[in-house]
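What follows is a short report on a single structure.
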Amino acid sequence: MNKYIGHPHQISGIEELELVRGKGKGMTLLEIRNGNGLQLTLSADRCMDLSRVTYKGRNMGWFSPVGYVAPTYYDDQGAGFLKSFTGGFLTTCGLTAVGSPCTDEGETLPLHGRISNTPCEDYSYEETDEALTVRATVREASVFGHQLLLHRQVIVSKKENTVTLLDTVENVGAKSAPCMLLYHFNMGYPLLSESAKLVIPNHSVVGRTPEAQADIARALTVEAPQADYAEQCFYYDVKEQDGMASCGIYNPEIQAGLIMSFDKKNLNKFTQWKQMGEHEYVMGLEPGNCLPDGRDAVRQRGELTLLNPSETVSFKTVLTFTDTESDITSL
Amino acid sequence: MNPSSLTYGVEEYRLKKGYGKGMRFLRLRNGLGLELTLSQDRCMDLFRLAFFGVNMGYLSSNGVMPPTAYSDRGYGFTQTYSGGFLTTCGLSHMGLCDGEAPLHGRVSNIPCEGYSYEETETALVVSVRVRETAVFGEQLSLHRKITLSKTENVFSVSDTIQNIGSKATPCGVLYNYNLGYPFLSGATLTFPKGEELVLFPLPEGGEEVHAKQVSGKKACCRVTNAHLGIKATLTFLPEQLPYLYCYRHGADQTALEPANMPSMTRGAARENGLLKELAPSESVTYETTWTFQKER
């Protein structure tokens with residue numbers, strides 16, 4: 001026991017909270033502090049996504065204009081997702097659809113899938129001397145449809161400022177099912193501003209649209225917020241080392257930044273979502289097993305992951321927060 | 001109300017687990033590095049304070065405790081005492097216990113009667129009322145206003161206590177502001193008259209109390225942690241709060257405590273002519289302000 005503290009929660013731990021007001025009323029949040037400056041809020045009623053991350057008191061993510069929205073408000077038609085899109089530091093897109101709404105093999109699929117609006121069906125947490133760990137299961141199922149189970153583990157180190165996200169998707173149904181997953185990590189102010197440096201070491205990059213392709217030389221440049229900004233997406237083949245691909249962002253104004261590393265074997269696609277609008281000011285750094293073009297397009301390109309009954313697929317992402325600019329610029 | 005803006009604003013939570021299950025907290029962020037967690041069910045005291053992610057206060061071994069576990073007998077206070085960044089001792093008594101008044105008073109174990117929240121161009125403001133009353137006993141009302149600046153790392157607690165009963169009532173208040181690890185580690189305290197006290201390491205075992213009487217227009221106490229590059233300054237008015245205690249206990253707690261009267265039992269205060277009383281309808285205001293600075 002640290003003799004300098006009264007109760008362990010003085011400096012670190014997990015507290016389970018419930019939102020009392022607004023559209024988020026009743027939602028359960030897990031607040032995690034690692035004692036080294038990292039504080040995370042996990043949204044247990046929204047797929048155990050990360051609604052907030054602060055590093056040494058500095059906000060890292062984008063909290064969208066819709067704020068906290070309970071999953072019961074979710075509208076799964078077309079782009080109804082956007083009315084519930086809290087953004088936060090992480091919104092998980094999937095599990096059977098990612099990206100543009102579409103119709104694929106007779107199924108009408110909503111923008112970015114349903115999983116981020118699904119409450120965890122079970123969760124637990126534990127603390128050791130080394131780490132704070134949250135485990136959760138989230139089920140995406142419908143009768144006569146697909147039945148997938150997401151096993152999520154979020155491990156927050158108490159020794160270093162790192163967060164490890166381990167997801168395993170299991171097909172618990174009786175027929176083959178599509179499995180699409182995209183981690184919609186959202187960088188926001190004050191980590192994101194025109195002084196921010198974004199580094200995505202890559203083998204190749206293409207713009208999603210002709211407009212984005214025309215602006216590709218400025219893909220990594222962070223501009224000030226602009227009215228009527230039209231989003232641009234860039235698709236990367238990110239360089240890997242020992243199987244892990246990395247990108248990073250640093251802002252000298254707040255002397256803070258982060259490195260995002262992901263297991264490229266299963267997270268073989270990467271989307272940069274550049275959205276420099278006023279209030280809608282966010283840089284998405286989005287590793288996935290697919291691009292956000294809709295399931296029909298992904299299937300046509302032969303890039304759709306299918307899981308047989310009982311088959312599983314695992315995904316690993318590691319976030320490292322740092323004060324040191326060269327940790328990012330040397331990537 | 002803007003409950004969840006990107007960098008600043010207020011969020012209201014209820015604790016889901018443990019002894020404190022059901023307790024309501026307000027989280028205030030000013031967007032400049034200061035984050036306050038207020039305990040609605042415990043007098044809107046400051047359960048937690050973080051500055052650039054550094055914990056500044058002290059959380060006692062009790063952790064978070066609900067007011068329903070409180071006993072006003074003997075040392076019952078110590079069983080629900082969480083410390084936090086602020087525990088308010090009062091309202092009719094703030095000091096030691098005797099047969100007449102409980103240790104440090106009851107108010108820190110009384111829930112607020114709702115609250116209002118206002119966001120202005122320059123500040124986040126929480127206003128609340130807490131009543132310390134007993135039939136045939138004291139009837140005191142506390143109107144508390146906590147103002148967190150959005151333009152600098154400053155917050156203030158402004159308390160107006162009114163005797164809403166029909167007889168003269170003792171009124172003793174002590175602001176138990178607690179400093180804890182890691183802010184306390186390597187910190188130095190400068191008293192209002194410039195005298196310095198190294199706050200770390202703390203005295204082995206036992207407790208240590210430095211009692212000061214303060215005077216002049218304004219009193220400032222500064223706690224500096226050179227290693228973390230953080231300075232925290234407490235400012236108050238000696239005219240309102242003429243006594244200041246620095247209470248140090250165990251290896252983990254240092255408190256800075258402005259008070260409106262000396263800390264003792266109510267009986268001793270009465271005997272020595274030091275008891276403060278409010279006449280029916282009379283009110284009194286106490287203000288304390290904290291300023292935080294961080295070197296880059």
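Residues are named by chain letter and number: chains run A, B, ... in the order of the structure tokens, numbers start at 1 in each chain, and ligands are numbered from 1 in the order shown.
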
Kindly provide the residues of stretch 87-191 of chain B that approach stretch 232-242 of chain B to within 12 Å, each paired with its closest atom pair and their distance in Å to one decimal, based on only C-alpha atoms, listed by chain and increasing number, as a tab-separated table.
```
residue	atom	partner	partner_atom	distance
B:Asn153	CA	B:Ala232	CA	9.8
B:Val154	CA	B:Thr233	CA	9.4
B:Phe155	CA	B:Leu234	CA	10.0
B:Ser156	CA	B:Thr235	CA	9.2
B:Val157	CA	B:Phe236	CA	10.2
B:Ser158	CA	B:Phe236	CA	10.4
B:Asp159	CA	B:Gln240	CA	11.0
B:Thr160	CA	B:Gln240	CA	11.3
B:Gly172	CA	B:Leu241	CA	10.4
B:Val173	CA	B:Leu241	CA	8.7
B:Leu174	CA	B:Leu241	CA	8.6
B:Tyr175	CA	B:Leu241	CA	9.6
B:Tyr177	CA	B:Leu234	CA	9.4
B:Asn178	CA	B:Leu234	CA	11.6
B:Leu179	CA	B:Ala232	CA	10.0
B:Phe183	CA	B:Ala232	CA	9.7
B:Leu184	CA	B:Ala232	CA	10.9
B:Ala187	CA	B:Ala232	CA	10.2
B:Thr188	CA	B:Ala232	CA	10.5
B:Leu189	CA	B:Ala232	CA	9.5
B:Thr190	CA	B:Thr233	CA	9.3
B:Phe191	CA	B:Leu234	CA	10.0
```

With only C-alpha atoms counted and 6 Å as the cut-off, give the residues of chain B in contact with chain A, each with its shortest interatomic distance in Å and the pair that gives it, as a Markdown table.
```
| residue | atom | partner | partner_atom | distance |
| --- | --- | --- | --- | --- |
| B:Ser4 | CA | A:Gly67 | CA | 5.7 |
| B:Leu6 | CA | A:Phe63 | CA | 4.8 |
| B:Glu12 | CA | A:Val20 | CA | 5.5 |
| B:Tyr13 | CA | A:Leu19 | CA | 4.6 |
| B:Arg14 | CA | A:Glu18 | CA | 4.8 |
| B:Leu15 | CA | A:Leu17 | CA | 4.6 |
| B:Lys16 | CA | A:Leu17 | CA | 5.4 |
| B:Gly33 | CA | A:Gly57 | CA | 5.4 |
| B:Phe52 | CA | A:Gly57 | CA | 3.8 |
| B:Gly53 | CA | A:Gly57 | CA | 4.1 |
| B:Leu59 | CA | A:Gln10 | CA | 5.0 |
| B:Ser60 | CA | A:Gly6 | CA | 4.3 |
| B:Ser61 | CA | A:Gly6 | CA | 4.4 |
| B:Gly63 | CA | A:His7 | CA | 5.6 |
| B:Ala251 | CA | A:Tyr4 | CA | 5.5 |
| B:Asp252 | CA | A:Tyr4 | CA | 4.4 |
```

Write the selection just made, keeping all heavy atoms, as a short mmCIF file (atom, residue, chain, number, x, y, z; two decimals), in the first residue's frame?
```
data_model
loop_
_atom_site.label_atom_id
_atom_site.label_comp_id
_atom_site.auth_asym_id
_atom_site.auth_seq_id
_atom_site.Cartn_x
_atom_site.Cartn_y
_atom_site.Cartn_z
N SER B 4 -22.69 18.70 -21.65
CA SER B 4 -21.53 17.90 -22.03
C SER B 4 -20.82 18.52 -23.22
O SER B 4 -20.79 17.96 -24.28
CB SER B 4 -21.95 16.48 -22.33
OG SER B 4 -23.24 16.42 -22.86
N LEU B 6 -17.49 20.03 -25.25
CA LEU B 6 -16.27 19.32 -25.56
C LEU B 6 -15.23 19.46 -24.45
O LEU B 6 -14.67 18.48 -23.97
CB LEU B 6 -15.73 19.82 -26.90
CG LEU B 6 -14.72 18.93 -27.59
CD1 LEU B 6 -14.81 19.09 -29.09
CD2 LEU B 6 -13.32 19.22 -27.14
N GLU B 12 -23.68 15.59 -14.56
CA GLU B 12 -24.19 15.10 -13.28
C GLU B 12 -24.19 13.57 -13.30
O GLU B 12 -24.70 12.95 -14.23
CB GLU B 12 -25.61 15.62 -13.07
CG GLU B 12 -26.14 15.27 -11.69
CD GLU B 12 -27.50 15.90 -11.40
OE1 GLU B 12 -27.97 16.72 -12.19
OE2 GLU B 12 -28.07 15.54 -10.35
N TYR B 13 -23.60 12.98 -12.26
CA TYR B 13 -23.49 11.53 -12.17
C TYR B 13 -24.09 11.02 -10.87
O TYR B 13 -24.18 11.74 -9.89
CB TYR B 13 -22.03 11.08 -12.14
CG TYR B 13 -21.15 11.54 -13.24
CD1 TYR B 13 -20.15 12.47 -13.01
CD2 TYR B 13 -21.28 11.00 -14.51
CE1 TYR B 13 -19.29 12.87 -14.03
CE2 TYR B 13 -20.43 11.39 -15.53
CZ TYR B 13 -19.44 12.33 -15.28
OH TYR B 13 -18.61 12.70 -16.28
N ARG B 14 -24.41 9.74 -10.91
CA ARG B 14 -24.81 9.04 -9.70
C ARG B 14 -23.87 7.86 -9.56
O ARG B 14 -23.60 7.16 -10.54
CB ARG B 14 -26.25 8.55 -9.90
CG ARG B 14 -26.99 8.20 -8.67
CD ARG B 14 -28.37 7.68 -9.05
NE ARG B 14 -29.32 8.72 -9.43
CZ ARG B 14 -30.02 9.45 -8.56
NH1 ARG B 14 -29.87 9.26 -7.28
NH2 ARG B 14 -30.87 10.35 -8.98
N LEU B 15 -23.36 7.63 -8.37
CA LEU B 15 -22.47 6.49 -8.15
C LEU B 15 -23.28 5.20 -8.18
O LEU B 15 -24.35 5.12 -7.60
CB LEU B 15 -21.75 6.60 -6.81
CG LEU B 15 -20.49 7.45 -6.75
CD1 LEU B 15 -19.92 7.39 -5.34
CD2 LEU B 15 -19.45 7.00 -7.75
N LYS B 16 -22.72 4.17 -8.86
CA LYS B 16 -23.48 2.93 -9.03
C LYS B 16 -23.11 1.84 -8.03
O LYS B 16 -23.87 0.90 -7.85
CB LYS B 16 -23.24 2.38 -10.43
CG LYS B 16 -23.68 3.30 -11.54
CD LYS B 16 -24.88 2.84 -12.30
CE LYS B 16 -24.86 1.42 -12.74
NZ LYS B 16 -26.09 1.08 -13.48
N GLY B 33 -7.83 23.27 -17.51
CA GLY B 33 -7.01 22.35 -16.72
C GLY B 33 -7.58 22.03 -15.36
O GLY B 33 -7.06 21.15 -14.67
N PHE B 52 -4.64 19.80 -14.31
CA PHE B 52 -3.86 19.16 -15.36
C PHE B 52 -3.67 17.67 -15.05
O PHE B 52 -2.57 17.13 -15.18
CB PHE B 52 -2.52 19.87 -15.57
CG PHE B 52 -2.69 21.16 -16.33
CD1 PHE B 52 -2.63 22.37 -15.68
CD2 PHE B 52 -2.94 21.12 -17.69
CE1 PHE B 52 -2.83 23.55 -16.39
CE2 PHE B 52 -3.12 22.30 -18.40
CZ PHE B 52 -3.07 23.52 -17.75
N GLY B 53 -4.74 17.06 -14.59
CA GLY B 53 -4.72 15.62 -14.34
C GLY B 53 -4.02 15.21 -13.06
O GLY B 53 -3.96 14.02 -12.75
N LEU B 59 -8.02 11.73 -0.17
CA LEU B 59 -9.21 10.89 0.01
C LEU B 59 -8.91 9.97 1.18
O LEU B 59 -7.97 9.18 1.14
CB LEU B 59 -9.51 10.09 -1.26
CG LEU B 59 -10.80 9.26 -1.23
CD1 LEU B 59 -12.02 10.15 -1.02
CD2 LEU B 59 -10.95 8.44 -2.50
N SER B 60 -9.70 10.10 2.24
CA SER B 60 -9.42 9.33 3.46
C SER B 60 -9.62 7.84 3.21
O SER B 60 -10.20 7.44 2.20
CB SER B 60 -10.34 9.78 4.59
OG SER B 60 -11.57 9.08 4.52
N SER B 61 -9.18 7.03 4.15
CA SER B 61 -9.31 5.58 4.01
C SER B 61 -10.78 5.15 3.90
O SER B 61 -11.06 4.05 3.45
CB SER B 61 -8.63 4.88 5.18
OG SER B 61 -9.17 5.37 6.39
N GLY B 63 -12.87 6.40 1.84
CA GLY B 63 -13.35 6.56 0.47
C GLY B 63 -14.63 7.36 0.46
O GLY B 63 -14.87 8.18 1.34
N ALA B 251 0.82 10.14 7.26
CA ALA B 251 1.78 10.37 6.19
C ALA B 251 1.13 10.99 4.98
O ALA B 251 1.78 11.25 3.98
CB ALA B 251 2.43 9.05 5.79
N ASP B 252 -0.19 11.21 5.05
CA ASP B 252 -0.90 11.46 3.80
C ASP B 252 -1.77 12.71 3.74
O ASP B 252 -2.29 13.03 2.69
CB ASP B 252 -1.76 10.23 3.47
CG ASP B 252 -2.59 9.76 4.65
OD1 ASP B 252 -2.65 10.48 5.66
OD2 ASP B 252 -3.18 8.67 4.55
#
```

How far is it from atom CA of B:Met44 to atom CA of B:Gln213, in Å with one decimal?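 Going from atom CA of B:Met44 over to atom CA of B:Gln213 covers 27.4 Å.
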
Filtered DSSP result for stretch 71-295 of chain B, state alpha helix (DSSP H), as a list in words: Phe77, Thr78, Gln79, Thr80, Arg266, Gly267, Ala268, Ala269, Arg270 and Glu271 of chain B

If DSSP is run on the backbone, what residues of stretch 1-210 of chain B are strand (DSSP E)? A reply as a VMD selection string would be ideal. chain B and resid 8 to 15 24 to 30 34 to 39 45 to 51 54 to 55 58 to 59 83 to 84 86 to 89 115 to 119 123 to 133 139 to 149 154 to 163 169 to 170 174 to 179 188 to 190 196 to 198 207 to 210

Need the shell around A:Ser261: protein/DNA/RNA residues with any atom at most 6 Å away, counting only C-alpha atoms. Skip same-chain ones fewer than 5 positions apart. Format as a list in words?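 Neighbouring residues, sequence-local ones excluded: Met244, Ala245, Ser246, Thr317 and Val318 of chain A.
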
Just give me the gap between atom CA of A:Arg152 and atom CA of A:Cys120 in Å, one decimal is fine.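 Spanning atom CA of A:Arg152 to atom CA of A:Cys120 is a straight-line distance of 9.7 Å.
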
Residues within 10 Å of B:Ala211, only C-alpha atoms, excluding chain neighbours under 4 positions, as a list in words: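 These residues fall inside the cut-off: Tyr243, Leu244, Tyr245, Cys246, Tyr247, Glu257, Pro258, Pro262 and Ser263 of chain B.
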
Counting only C-alpha atoms, the option among B:Val130, B:Leu124, B:Leu142, B:Ala168 closest to B:Ile110: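 So, comparing all the options, the nearest one is B:Val130.
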
Best match for closeness to A:Gly277 among A:Lys265, A:Ala230, A:Leu304, A:Met260, counting only C-alpha atoms: A:Ala230

Hey, can you check how far atom CA of A:Leu95 sits from atom CA of A:Leu148?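 Between atom CA of A:Leu95 and atom CA of A:Leu148 the gap works out to 7.4 Å.
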
Residues near B:Gly74, anyone? I mean within 7 Å using only C-alpha atoms, not counting same-chain ones fewer than 5 positions away, as a list in words.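 So the residues in contact are Cys97, Pro102 and Leu103 of chain B.
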
Set the distance at 7 Å and use only C-alpha atoms: which residues neighbour B:Pro192 once local chain neighbours fewer than 5 positions away are removed? I'd like the list as an NGL selection string. :B and (219-221)
